[in-house]
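Okay, model_2.pdb is below, PDB, C-alpha atoms and all ligand atoms:
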```
ATOM      1  CA  MET A   1      22.796 -52.079   7.323
ATOM      2  CA  LEU A   2      24.457 -55.020   5.610
ATOM      3  CA  LYS A   3      28.192 -55.193   5.245
ATOM      4  CA  HIS A   4      29.819 -55.497   1.859
ATOM      5  CA  LYS A   5      31.556 -58.863   1.563
ATOM      6  CA  SER A   6      34.946 -57.146   1.564
ATOM      7  CA  GLY A   7      34.104 -55.929   5.082
ATOM      8  CA  PHE A   8      33.058 -52.375   4.182
ATOM      9  CA  LYS A   9      29.567 -51.046   4.651
ATOM     10  CA  ARG A  10      27.566 -51.627   1.479
ATOM     11  CA  LYS A  11      27.119 -48.441  -0.559
ATOM     12  CA  ILE A  12      25.036 -48.805  -3.696
ATOM     13  CA  GLY A  13      25.975 -47.124  -6.975
ATOM     14  CA  LEU A  14      23.258 -46.729  -9.608
ATOM     15  CA  PRO A  15      23.890 -45.375 -13.103
ATOM     16  CA  TYR A  16      21.913 -42.217 -13.810
ATOM     17  CA  TYR A  17      18.880 -42.801 -16.015
ATOM     18  CA  SER A  18      16.622 -39.819 -16.562
ATOM     19  CA  PHE A  19      13.513 -39.603 -14.337
ATOM     20  CA  TYR A  20      13.884 -43.276 -13.413
ATOM     21  CA  THR A  21      16.899 -42.433 -11.267
ATOM     22  CA  ARG A  22      14.736 -40.926  -8.546
ATOM     23  CA  HIS A  23      12.468 -44.000  -8.473
ATOM     24  CA  PHE A  24      15.355 -46.467  -8.314
ATOM     25  CA  LYS A  25      17.054 -44.514  -5.572
ATOM     26  CA  GLU A  26      13.853 -44.249  -3.523
ATOM     27  CA  PHE A  27      13.178 -47.938  -4.017
ATOM     28  CA  LEU A  28      16.579 -48.987  -2.717
ATOM     29  CA  SER A  29      16.430 -46.439   0.112
ATOM     30  CA  LEU A  30      13.045 -47.839   1.178
ATOM     31  CA  LEU A  31      14.771 -51.198   1.451
ATOM     32  CA  GLY A  32      17.105 -49.586   3.947
ATOM     33  CA  LEU A  33      20.085 -49.559   1.601
ATOM     34  CA  ASP A  34      22.653 -46.796   1.585
ATOM     35  CA  VAL A  35      22.592 -45.375  -1.956
ATOM     36  CA  VAL A  36      25.317 -43.029  -3.170
ATOM     37  CA  GLU A  37      23.625 -39.897  -4.519
ATOM     38  CA  PRO A  38      23.230 -40.570  -8.273
ATOM     39  CA  ILE A  39      25.383 -38.341 -10.456
ATOM     40  CA  PRO A  40      23.683 -36.689 -13.448
ATOM     41  CA  ILE A  41      25.403 -37.201 -16.790
ATOM     42  CA  THR A  42      27.673 -34.318 -17.743
ATOM     43  CA  GLU A  43      30.509 -33.730 -20.201
ATOM     44  CA  GLN A  44      32.862 -35.006 -17.497
ATOM     45  CA  THR A  45      30.957 -38.339 -17.297
ATOM     46  CA  ILE A  46      31.125 -38.748 -21.060
ATOM     47  CA  LYS A  47      34.822 -37.873 -21.170
ATOM     48  CA  LEU A  48      35.630 -40.450 -18.467
ATOM     49  CA  GLY A  49      33.651 -43.141 -20.292
ATOM     50  CA  VAL A  50      35.099 -42.356 -23.702
ATOM     51  CA  ASN A  51      38.674 -42.402 -22.359
ATOM     52  CA  ASN A  52      38.157 -45.867 -20.882
ATOM     53  CA  SER A  53      36.140 -47.561 -23.646
ATOM     54  CA  PRO A  54      36.947 -49.128 -26.992
ATOM     55  CA  GLU A  55      36.350 -46.536 -29.699
ATOM     56  CA  MET A  56      33.640 -48.478 -31.546
ATOM     57  CA  MET A  57      31.668 -49.509 -28.458
ATOM     58  CA  CYS A  58      28.122 -48.121 -28.432
ATOM     59  CA  PHE A  59      27.780 -44.671 -26.905
ATOM     60  CA  PRO A  60      25.469 -45.590 -23.960
ATOM     61  CA  TYR A  61      28.131 -48.024 -22.735
ATOM     62  CA  LYS A  62      30.674 -45.199 -22.580
ATOM     63  CA  VAL A  63      28.247 -43.001 -20.646
ATOM     64  CA  VAL A  64      27.343 -45.748 -18.157
ATOM     65  CA  LEU A  65      31.000 -46.679 -17.616
ATOM     66  CA  GLY A  66      31.878 -43.012 -17.037
ATOM     67  CA  ASN A  67      29.046 -42.727 -14.540
ATOM     68  CA  PHE A  68      30.153 -45.849 -12.651
ATOM     69  CA  LEU A  69      33.674 -44.443 -12.474
ATOM     70  CA  GLN A  70      32.248 -41.289 -10.902
ATOM     71  CA  LEU A  71      30.148 -43.311  -8.456
ATOM     72  CA  ILE A  72      32.997 -45.544  -7.404
ATOM     73  CA  LYS A  73      35.164 -42.491  -6.777
ATOM     74  CA  LYS A  74      32.335 -41.180  -4.609
ATOM     75  CA  GLY A  75      32.406 -44.308  -2.458
ATOM     76  CA  ALA A  76      30.068 -46.824  -4.159
ATOM     77  CA  ASN A  77      31.207 -50.394  -3.537
ATOM     78  CA  THR A  78      28.129 -52.260  -4.839
ATOM     79  CA  LEU A  79      27.280 -51.464  -8.450
ATOM     80  CA  VAL A  80      23.806 -52.318  -9.718
ATOM     81  CA  MET A  81      23.598 -52.748 -13.484
ATOM     82  CA  PHE A  82      20.735 -53.850 -15.727
ATOM     83  CA  ASN A  83      21.322 -56.920 -17.895
ATOM     84  CA  SER A  84      18.753 -56.953 -20.718
ATOM     85  CA  CYS A  85      19.376 -60.673 -21.419
ATOM     86  CA  GLY A  86      18.690 -59.646 -24.999
ATOM     87  CA  LYS A  87      20.659 -59.945 -28.202
ATOM     88  CA  CYS A  88      22.653 -56.729 -28.176
ATOM     89  CA  LYS A  89      25.576 -55.364 -26.179
ATOM     90  CA  LEU A  90      23.476 -54.285 -23.191
ATOM     91  CA  ARG A  91      23.454 -57.896 -22.063
ATOM     92  CA  HIS A  92      27.214 -57.738 -21.601
ATOM     93  CA  TYR A  93      27.700 -54.213 -20.184
ATOM     94  CA  TYR A  94      27.954 -55.417 -16.598
ATOM     95  CA  LYS A  95      30.677 -57.936 -17.447
ATOM     96  CA  LEU A  96      32.728 -55.462 -19.480
ATOM     97  CA  ILE A  97      32.369 -52.728 -16.862
ATOM     98  CA  ASP A  98      33.342 -55.182 -14.142
ATOM     99  CA  LEU A  99      36.457 -56.143 -16.122
ATOM    100  CA  LYS A 100      37.477 -52.536 -16.793
ATOM    101  CA  LEU A 101      36.963 -51.321 -13.230
ATOM    102  CA  ARG A 102      38.933 -54.247 -11.790
ATOM    103  CA  GLU A 103      41.708 -53.547 -14.257
ATOM    104  CA  LEU A 104      41.696 -50.003 -12.860
ATOM    105  CA  ASN A 105      42.146 -51.537  -9.388
ATOM    106  CA  TYR A 106      38.771 -50.733  -7.888
ATOM    107  CA  ASN A 107      37.298 -53.032  -5.270
ATOM    108  CA  PHE A 108      33.537 -53.505  -5.560
ATOM    109  CA  GLU A 109      30.747 -55.996  -6.126
ATOM    110  CA  MET A 110      28.752 -55.954  -9.380
ATOM    111  CA  VAL A 111      25.082 -56.916  -9.032
ATOM    112  CA  PRO A 112      23.395 -57.493 -12.402
ATOM    113  CA  ILE A 113      19.602 -57.196 -12.516
ATOM    114  CA  ARG A 114      17.724 -59.030 -15.278
ATOM    115  CA  PRO A 115      14.155 -58.381 -16.570
ATOM    116  CA  VAL A 116      12.971 -61.635 -15.010
ATOM    117  CA  ASP A 117      14.320 -60.397 -11.685
ATOM    118  CA  PHE A 118      11.662 -57.676 -11.631
ATOM    119  CA  ILE A 119       8.857 -60.194 -11.335
ATOM    120  CA  PRO A 120       8.233 -60.113  -7.596
ATOM    121  CA  LEU A 121       7.568 -63.801  -7.081
ATOM    122  CA  PRO A 122       8.230 -64.849  -3.483
ATOM    123  CA  LEU A 123      10.770 -67.391  -4.699
ATOM    124  CA  GLY A 124      11.968 -65.370  -7.695
ATOM    125  CA  PRO A 125      15.628 -64.442  -8.214
ATOM    126  CA  PHE A 126      14.960 -60.719  -7.701
ATOM    127  CA  MET A 127      13.482 -61.371  -4.313
ATOM    128  CA  ASN A 128      16.491 -63.439  -3.380
ATOM    129  CA  LYS A 129      18.799 -60.720  -4.671
ATOM    130  CA  LEU A 130      16.964 -58.051  -2.669
ATOM    131  CA  VAL A 131      16.932 -60.183   0.457
ATOM    132  CA  TYR A 132      20.668 -60.670  -0.061
ATOM    133  CA  LEU A 133      21.261 -56.923  -0.490
ATOM    134  CA  SER A 134      18.885 -55.514   2.115
ATOM    135  CA  GLY A 135      18.336 -58.250   4.683
ATOM    136  CA  LYS A 136      14.585 -57.434   4.644
ATOM    137  CA  ARG A 137      11.838 -60.036   4.618
ATOM    138  CA  LYS A 138      10.139 -61.021   1.338
ATOM    139  CA  TRP A 139       6.699 -59.663   2.215
ATOM    140  CA  GLU A 140       8.199 -56.291   3.147
ATOM    141  CA  ILE A 141      10.059 -56.155  -0.159
ATOM    142  CA  ALA A 142       6.928 -57.170  -2.120
ATOM    143  CA  LYS A 143       5.019 -54.263  -0.541
ATOM    144  CA  ILE A 144       7.710 -51.766  -1.541
ATOM    145  CA  ILE A 145       7.876 -53.146  -5.097
ATOM    146  CA  LYS A 146       4.101 -52.774  -5.466
ATOM    147  CA  LYS A 147       4.186 -49.161  -4.272
ATOM    148  CA  LYS A 148       7.089 -48.140  -6.530
ATOM    149  CA  TRP A 149       5.655 -49.974  -9.555
ATOM    150  CA  GLN A 150       2.448 -47.954  -9.246
ATOM    151  CA  GLU A 151       4.361 -44.671  -8.953
ATOM    152  CA  LEU A 152       6.469 -45.551 -11.977
ATOM    153  CA  LYS A 153       3.373 -46.352 -13.998
ATOM    154  CA  GLU A 154       1.776 -43.011 -13.105
ATOM    155  CA  GLU A 155       4.875 -41.024 -14.047
ATOM    156  CA  GLU A 156       5.368 -42.838 -17.368
ATOM    157  CA  ASN A 157       1.718 -42.283 -18.261
ATOM    158  CA  LYS A 158       1.875 -38.623 -17.342
ATOM    159  CA  ARG A 159       5.070 -37.994 -19.289
ATOM    160  CA  TYR A 160       4.236 -39.743 -22.569
ATOM    161  CA  LEU A 161       1.834 -42.622 -22.714
ATOM    162  CA  ALA A 162      -1.554 -41.149 -21.861
ATOM    163  CA  LYS A 163      -1.080 -37.876 -23.734
ATOM    164  CA  GLU A 164      -3.860 -36.306 -25.783
ATOM    165  CA  PHE A 165      -3.019 -35.155 -29.315
ATOM    166  CA  GLY A 166      -2.208 -31.448 -29.591
ATOM    167  CA  LYS A 167      -1.863 -29.148 -32.612
ATOM    168  CA  ILE A 168       1.490 -30.543 -33.739
ATOM    169  CA  ASN A 169       2.313 -34.075 -32.678
ATOM    170  CA  ILE A 170       5.747 -35.573 -32.857
ATOM    171  CA  ALA A 171       6.717 -39.095 -31.808
ATOM    172  CA  VAL A 172      10.187 -39.891 -30.567
ATOM    173  CA  THR A 173      11.561 -43.377 -31.028
ATOM    174  CA  GLY A 174      14.868 -45.258 -31.229
ATOM    175  CA  GLU A 175      17.338 -46.624 -28.722
ATOM    176  CA  ILE A 176      15.737 -46.314 -25.297
ATOM    177  CA  TYR A 177      18.617 -44.805 -23.294
ATOM    178  CA  SER A 178      19.348 -42.137 -25.908
ATOM    179  CA  VAL A 179      15.671 -41.252 -26.184
ATOM    180  CA  LEU A 180      14.997 -41.005 -22.443
ATOM    181  CA  GLU A 181      18.254 -39.637 -21.029
ATOM    182  CA  GLU A 182      17.951 -35.916 -21.718
ATOM    183  CA  ASN A 183      21.549 -35.219 -20.677
ATOM    184  CA  ILE A 184      22.885 -37.118 -23.681
ATOM    185  CA  ASN A 185      20.272 -36.118 -26.258
ATOM    186  CA  GLN A 186      20.380 -32.346 -25.623
ATOM    187  CA  ASN A 187      16.890 -32.592 -24.159
ATOM    188  CA  ILE A 188      15.241 -33.108 -27.539
ATOM    189  CA  VAL A 189      11.827 -33.645 -25.976
ATOM    190  CA  GLY A 190      12.124 -30.386 -24.019
ATOM    191  CA  GLN A 191      13.254 -28.564 -27.160
ATOM    192  CA  LEU A 192      10.275 -29.825 -29.165
ATOM    193  CA  GLU A 193       7.859 -28.991 -26.374
ATOM    194  CA  GLY A 194       9.409 -25.532 -26.098
ATOM    195  CA  LEU A 195       8.604 -24.982 -29.782
ATOM    196  CA  GLY A 196       4.992 -25.972 -29.198
ATOM    197  CA  ALA A 197       4.894 -29.663 -30.127
ATOM    198  CA  THR A 198       3.150 -32.386 -28.185
ATOM    199  CA  VAL A 199       5.719 -35.150 -27.891
ATOM    200  CA  HIS A 200       4.704 -38.791 -27.705
ATOM    201  CA  SER A 201       6.727 -41.910 -27.023
ATOM    202  CA  THR A 202       5.916 -45.521 -26.301
ATOM    203  CA  LEU A 203       9.390 -46.205 -24.946
ATOM    204  CA  ASN A 204       9.398 -46.997 -21.266
ATOM    205  CA  LEU A 205      11.020 -49.338 -18.824
ATOM    206  CA  ARG A 206       7.874 -51.153 -17.805
ATOM    207  CA  ALA A 207       7.395 -52.336 -21.405
ATOM    208  CA  LEU A 208      10.942 -53.659 -21.275
ATOM    209  CA  ILE A 209      10.300 -55.584 -18.101
ATOM    210  CA  ILE A 210       6.781 -56.902 -18.720
ATOM    211  CA  PRO A 211       6.879 -60.098 -20.847
ATOM    212  CA  ARG A 212       5.467 -59.620 -24.352
ATOM    213  CA  THR A 213       2.629 -62.058 -23.684
ATOM    214  CA  PHE A 214       1.066 -59.275 -21.561
ATOM    215  CA  HIS A 215       1.397 -56.585 -24.244
ATOM    216  CA  SER A 216      -1.718 -55.294 -26.028
ATOM    217  CA  LYS A 217      -3.158 -57.136 -29.009
ATOM    218  CA  GLU A 218      -2.434 -54.135 -31.226
ATOM    219  CA  ARG A 219       1.235 -54.089 -30.209
ATOM    220  CA  LYS A 220       1.545 -57.842 -30.858
ATOM    221  CA  LEU A 221       0.103 -57.437 -34.361
ATOM    222  CA  LEU A 222       2.457 -54.556 -35.051
ATOM    223  CA  ARG A 223       5.359 -56.722 -33.936
ATOM    224  CA  GLU A 224       4.364 -59.419 -36.410
ATOM    225  CA  LYS A 225       4.236 -56.835 -39.164
ATOM    226  CA  ALA A 226       7.571 -55.361 -38.085
ATOM    227  CA  LEU A 227       9.141 -58.839 -38.131
ATOM    228  CA  SER A 228       8.004 -59.303 -41.726
ATOM    229  CA  PHE A 229      10.490 -56.579 -42.747
ATOM    230  CA  LEU A 230      13.298 -58.657 -41.263
ATOM    231  CA  ASP A 231      14.091 -62.347 -41.405
ATOM    232  CA  GLN A 232      11.393 -62.938 -38.757
ATOM    233  CA  SER A 233      14.057 -62.341 -36.154
ATOM    234  CA  ASP A 234      14.433 -59.661 -33.486
ATOM    235  CA  PRO A 235      17.707 -57.769 -34.016
ATOM    236  CA  GLY A 236      17.888 -56.930 -30.294
ATOM    237  CA  GLY A 237      17.779 -53.630 -28.421
ATOM    238  CA  HIS A 238      14.810 -51.547 -29.576
ATOM    239  CA  GLY A 239      15.309 -52.095 -33.316
ATOM    240  CA  LEU A 240      12.073 -53.986 -33.747
ATOM    241  CA  HIS A 241      10.253 -51.609 -31.445
ATOM    242  CA  SER A 242      11.332 -48.678 -33.638
ATOM    243  CA  ILE A 243       9.723 -50.293 -36.705
ATOM    244  CA  GLU A 244       6.584 -51.052 -34.665
ATOM    245  CA  ASP A 245       6.537 -47.444 -33.509
ATOM    246  CA  VAL A 246       6.647 -46.035 -37.049
ATOM    247  CA  LEU A 247       3.712 -48.290 -37.989
ATOM    248  CA  TYR A 248       1.857 -47.406 -34.782
ATOM    249  CA  TRP A 249       2.277 -43.634 -35.068
ATOM    250  CA  SER A 250       1.682 -43.532 -38.844
ATOM    251  CA  GLN A 251      -1.731 -45.085 -38.442
ATOM    252  CA  ARG A 252      -2.557 -42.492 -35.782
ATOM    253  CA  GLY A 253      -1.796 -39.575 -38.091
ATOM    254  CA  ILE A 254       1.365 -38.363 -36.366
ATOM    255  CA  ASP A 255       2.872 -35.183 -37.873
ATOM    256  CA  GLY A 256       6.500 -36.277 -37.602
ATOM    257  CA  ILE A 257       8.856 -38.858 -36.138
ATOM    258  CA  VAL A 258      12.257 -38.312 -34.551
ATOM    259  CA  HIS A 259      14.477 -41.387 -34.674
ATOM    260  CA  ILE A 260      17.333 -41.239 -32.175
ATOM    261  CA  LEU A 261      20.221 -43.635 -32.386
ATOM    262  CA  PRO A 262      23.545 -43.648 -30.590
ATOM    263  CA  LEU A 263      26.918 -44.309 -32.154
ATOM    264  CA  SER A 264      27.525 -48.004 -32.957
ATOM    265  CA  CYS A 265      24.031 -49.164 -32.026
ATOM    266  CA  HIS A 266      23.672 -52.094 -34.398
ATOM    267  CA  PRO A 267      19.899 -52.757 -33.919
ATOM    268  CA  GLU A 268      18.997 -49.170 -34.805
ATOM    269  CA  ILE A 269      21.470 -49.073 -37.700
ATOM    270  CA  LEU A 270      19.925 -52.245 -39.060
ATOM    271  CA  VAL A 271      16.384 -50.843 -39.072
ATOM    272  CA  GLU A 272      17.244 -47.388 -40.481
ATOM    273  CA  GLU A 273      16.434 -48.451 -44.037
ATOM    274  CA  ILE A 274      13.053 -49.902 -43.001
ATOM    275  CA  ILE A 275      12.134 -46.785 -41.031
ATOM    276  CA  ASP A 276      13.070 -44.573 -43.992
ATOM    277  CA  TYR A 277      10.927 -46.712 -46.293
ATOM    278  CA  LEU A 278       7.896 -46.694 -43.976
ATOM    279  CA  CYS A 279       8.073 -42.952 -43.384
ATOM    280  CA  ARG A 280       8.308 -42.284 -47.129
ATOM    281  CA  LYS A 281       5.432 -44.684 -47.825
ATOM    282  CA  ASN A 282       3.212 -43.165 -45.142
ATOM    283  CA  GLU A 283       4.354 -39.609 -45.907
ATOM    284  CA  VAL A 284       5.469 -38.998 -42.348
ATOM    285  CA  PRO A 285       8.356 -36.492 -42.015
ATOM    286  CA  LEU A 286      11.351 -38.089 -40.340
ATOM    287  CA  LEU A 287      14.260 -36.556 -38.461
ATOM    288  CA  ARG A 288      17.147 -38.875 -37.611
ATOM    289  CA  LEU A 289      19.556 -37.818 -34.890
ATOM    290  CA  ARG A 290      22.788 -39.661 -34.218
ATOM    291  CA  ILE A 291      24.090 -39.215 -30.712
ATOM    292  CA  ASP A 292      27.686 -39.528 -29.582
ATOM    293  CA  GLU A 293      30.370 -37.643 -27.674
ATOM    294  CA  THR A 294      30.854 -35.259 -30.584
ATOM    295  CA  SER A 295      27.163 -34.240 -30.831
ATOM    296  CA  SER A 296      26.910 -30.489 -30.884
ATOM    297  CA  PRO A 297      23.986 -28.898 -29.016
ATOM    298  CA  LEU A 298      23.860 -26.169 -31.672
ATOM    299  CA  ASN A 299      23.665 -28.641 -34.539
ATOM    300  CA  ILE A 300      20.927 -30.721 -32.867
ATOM    301  CA  GLY A 301      19.014 -27.608 -31.808
ATOM    302  CA  THR A 302      19.038 -26.195 -35.353
ATOM    303  CA  ARG A 303      17.923 -29.470 -36.900
ATOM    304  CA  VAL A 304      15.099 -29.914 -34.377
ATOM    305  CA  GLU A 305      13.896 -26.367 -34.981
ATOM    306  CA  THR A 306      14.015 -26.721 -38.788
ATOM    307  CA  PHE A 307      12.121 -30.002 -38.586
ATOM    308  CA  PHE A 308       9.431 -28.437 -36.433
ATOM    309  CA  GLU A 309       9.092 -25.433 -38.764
ATOM    310  CA  LEU A 310       8.718 -27.694 -41.815
ATOM    311  CA  ILE A 311       5.912 -29.611 -40.143
ATOM    312  CA  LYS A 312       4.252 -26.393 -39.083
ATOM    313  CA  ARG A 313       4.369 -25.053 -42.621
ATOM    314  CA  LYS A 314       3.046 -28.342 -44.001
ATOM    315  CA  LYS A 315       0.100 -28.120 -41.619
ATOM    316  CA  GLU A 316      -0.345 -24.434 -42.408
ATOM    317  CA  ILE A 317      -0.560 -23.438 -38.758
TER     318      ILE A 317
HETATM  319  S1  LIG B 401      20.522 -51.066 -28.001
HETATM  320 FE1  LIG B 401      22.232 -50.241 -29.150
HETATM  321  S2  LIG B 401      23.135 -48.730 -27.841
HETATM  322 FE2  LIG B 401      21.849 -50.017 -26.561
HETATM  323  S3  LIG B 401      23.261 -51.582 -25.835
HETATM  324 FE3  LIG B 401      22.303 -52.381 -27.648
HETATM  325  S4  LIG B 401      23.742 -51.894 -29.292
HETATM  326 FE4  LIG B 401      24.275 -50.627 -27.536
END
```
Could you take the file, read its structure, and then write that structure out as structure tokens?
Amino acid sequence: MLKHKSGFKRKIGLPYYSFYTRHFKEFLSLLGLDVVEPIPITEQTIKLGVNNSPEMMCFPYKVVLGNFLQLIKKGANTLVMFNSCGKCKLRHYYKLIDLKLRELNYNFEMVPIRPVDFIPLPLGPFMNKLVYLSGKRKWEIAKIIKKKWQELKEEENKRYLAKEFGKINIAVTGEIYSVLEENINQNIVGQLEGLGATVHSTLNLRALIIPRTFHSKERKLLREKALSFLDQSDPGGHGLHSIEDVLYWSQRGIDGIVHILPLSCHPEILVEEIIDYLCRKNEVPLLRLRIDETSSPLNIGTRVETFFELIKRKKEI
């Protein structure tokens, strides 16, 4: 086991992220790294994050910061954080979290991971980062990456991507963390499924990592169309993806769309108007849910149920 540069044994802290958490943890454990047991997001996590963040910072930042605070208190001294390298705040989370935790007098190393780092080229930066963290050889790491990538693909397909249409079909779109992390969105997908809906989503981490040149022709055309509603420029985050999604699901005859956006998420705020317009034009019922620390499970539950009932009545089921 490698030593942390401060002399302590390296203990990895990973922010909790829905079903991906298990895959990330297994991946790092297969590399022989000591991973602190990830801590699911609870009210306590959110409270810690909110108390240590600027009020107008986007909600996922507060949750991730709160989770890192919990991990560091549990002994993590190497924090792994994704850097989207995109246009929104996610690119800067790791720097801001690093600053805050040092101000709070914690001693740790921050290891940012970028999308390009996931490309397992023998000489790629990810490989170098993993060699640095684990001390394993490149071919061993490449084998583990291949195995985990396949498992990730299978789980994403099973959960959302390769789903058949059911009686009532609802697509969920919006900011990726708020859509996928059920502990901050009151398990909206589970609630809809419990009511009898088949829930679809094209949001997944592999799509975030794989360069757009490898995306399907259909998705590329949808992106061009989505860009035409803006000044031909990507607003960052999943804003453009949300517009693409509305176009994609409308042409497939979806029964309803749930648009989830967290507090202060500028890409999703920017595209709200376009999503409203497209849903009206295509006559697709839309439910918009704003997520923050004040979200009430009762309020969200009631709105989800009402939305489902309206669709059911419309379809006369
Ligand atoms: S997509 Fe939105 S919520 Fe996510 S980091 Fe960017 S601004 Fe924040």
(message) From the options A:Asp276, A:Glu154, A:Glu175, A:Glu316, which residue's atoms come nearest to ligand LIG 401 (chain B), counting only C-alpha atoms and all ligand atoms?
(response)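 When distances to ligand LIG 401 (chain B) are compared using only C-alpha atoms and all ligand atoms, the smallest one comes from A:Glu175.
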(message) Can you work out which residues are within 8 Å of ligand LIG 401 (chain B), considering all atoms listed in the file, and then hand them over as number ranges by chain?
(response) A: 57-61, 87-91, 93, 175-178, 236-239, 261-268
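For the pair atom CA of Leu270 of chain A and atom CA of Asn299 of chain A, the interatomic distance is 24.3 Å.
Closest to Ser84 of chain A among A:Lys136, A:Arg102, A:Lys11, A:Arg114 is A:Arg114, based on all atoms listed in the file.
Here the question is which of A:Lys62, A:Lys95, A:Phe126, A:Phe108 gets nearest to Ala76 of chain A using only C-alpha atoms, and that residue is A:Phe108.
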(message) Once the PyMOL selection byres (((chain A and resi 171) around 8) and not hetatm) has been evaluated on this model, what residues remain selected, and can you format them as a list of chain:residue names?
(response)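 Selected by the PyMOL selection byres (((chain A and resi 171) around 8) and not hetatm) in this file: A:Asn169, A:Ile170, A:Val172, A:Thr173, A:Val199, A:His200, A:Ser201, A:Trp249, A:Ile254, A:Gly256, A:Ile257, A:Val258.
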(request) Please write the residues picked by the PyMOL selection byres (((chain A and resi 94) around 7) and not hetatm) on this file as an MDAnalysis selection string. (result) chainID A and resid 81 83 92:93 95:98 112
(message) Could you tell me how far atom CA of Lys146 of chain A sits from atom CA of Tyr16 of chain A, in Å to one decimal place?
(response)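 Separating atom CA of Tyr16 of chain A from atom CA of Lys146 of chain A is a distance of 22.3 Å.
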(request) Go through A:Leu99, A:Ile311, A:Leu205, A:Leu48 one by one, measure the shortest atom-to-atom distance of each to Asn157 of chain A using all atoms listed in the file, and give the residue with the smallest value. (result) A:Leu205
(message) What does the structure give for the distance between atom CA of Ile144 of chain A and atom CA of Asn128 of chain A, in Å to one decimal?
(response)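 Going from atom CA of Ile144 of chain A over to atom CA of Asn128 of chain A, I get 14.7 Å.
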(request) With a distance cut-off of 7 Å and all atoms listed in the file, select the neighbouring residues of Val80 of chain A, excluding the residue or stretch itself and same-chain residues fewer than 3 positions from it, and output the selection as JSON, numbers by chain. (result) {"A": [13, 14, 110, 111, 112]}
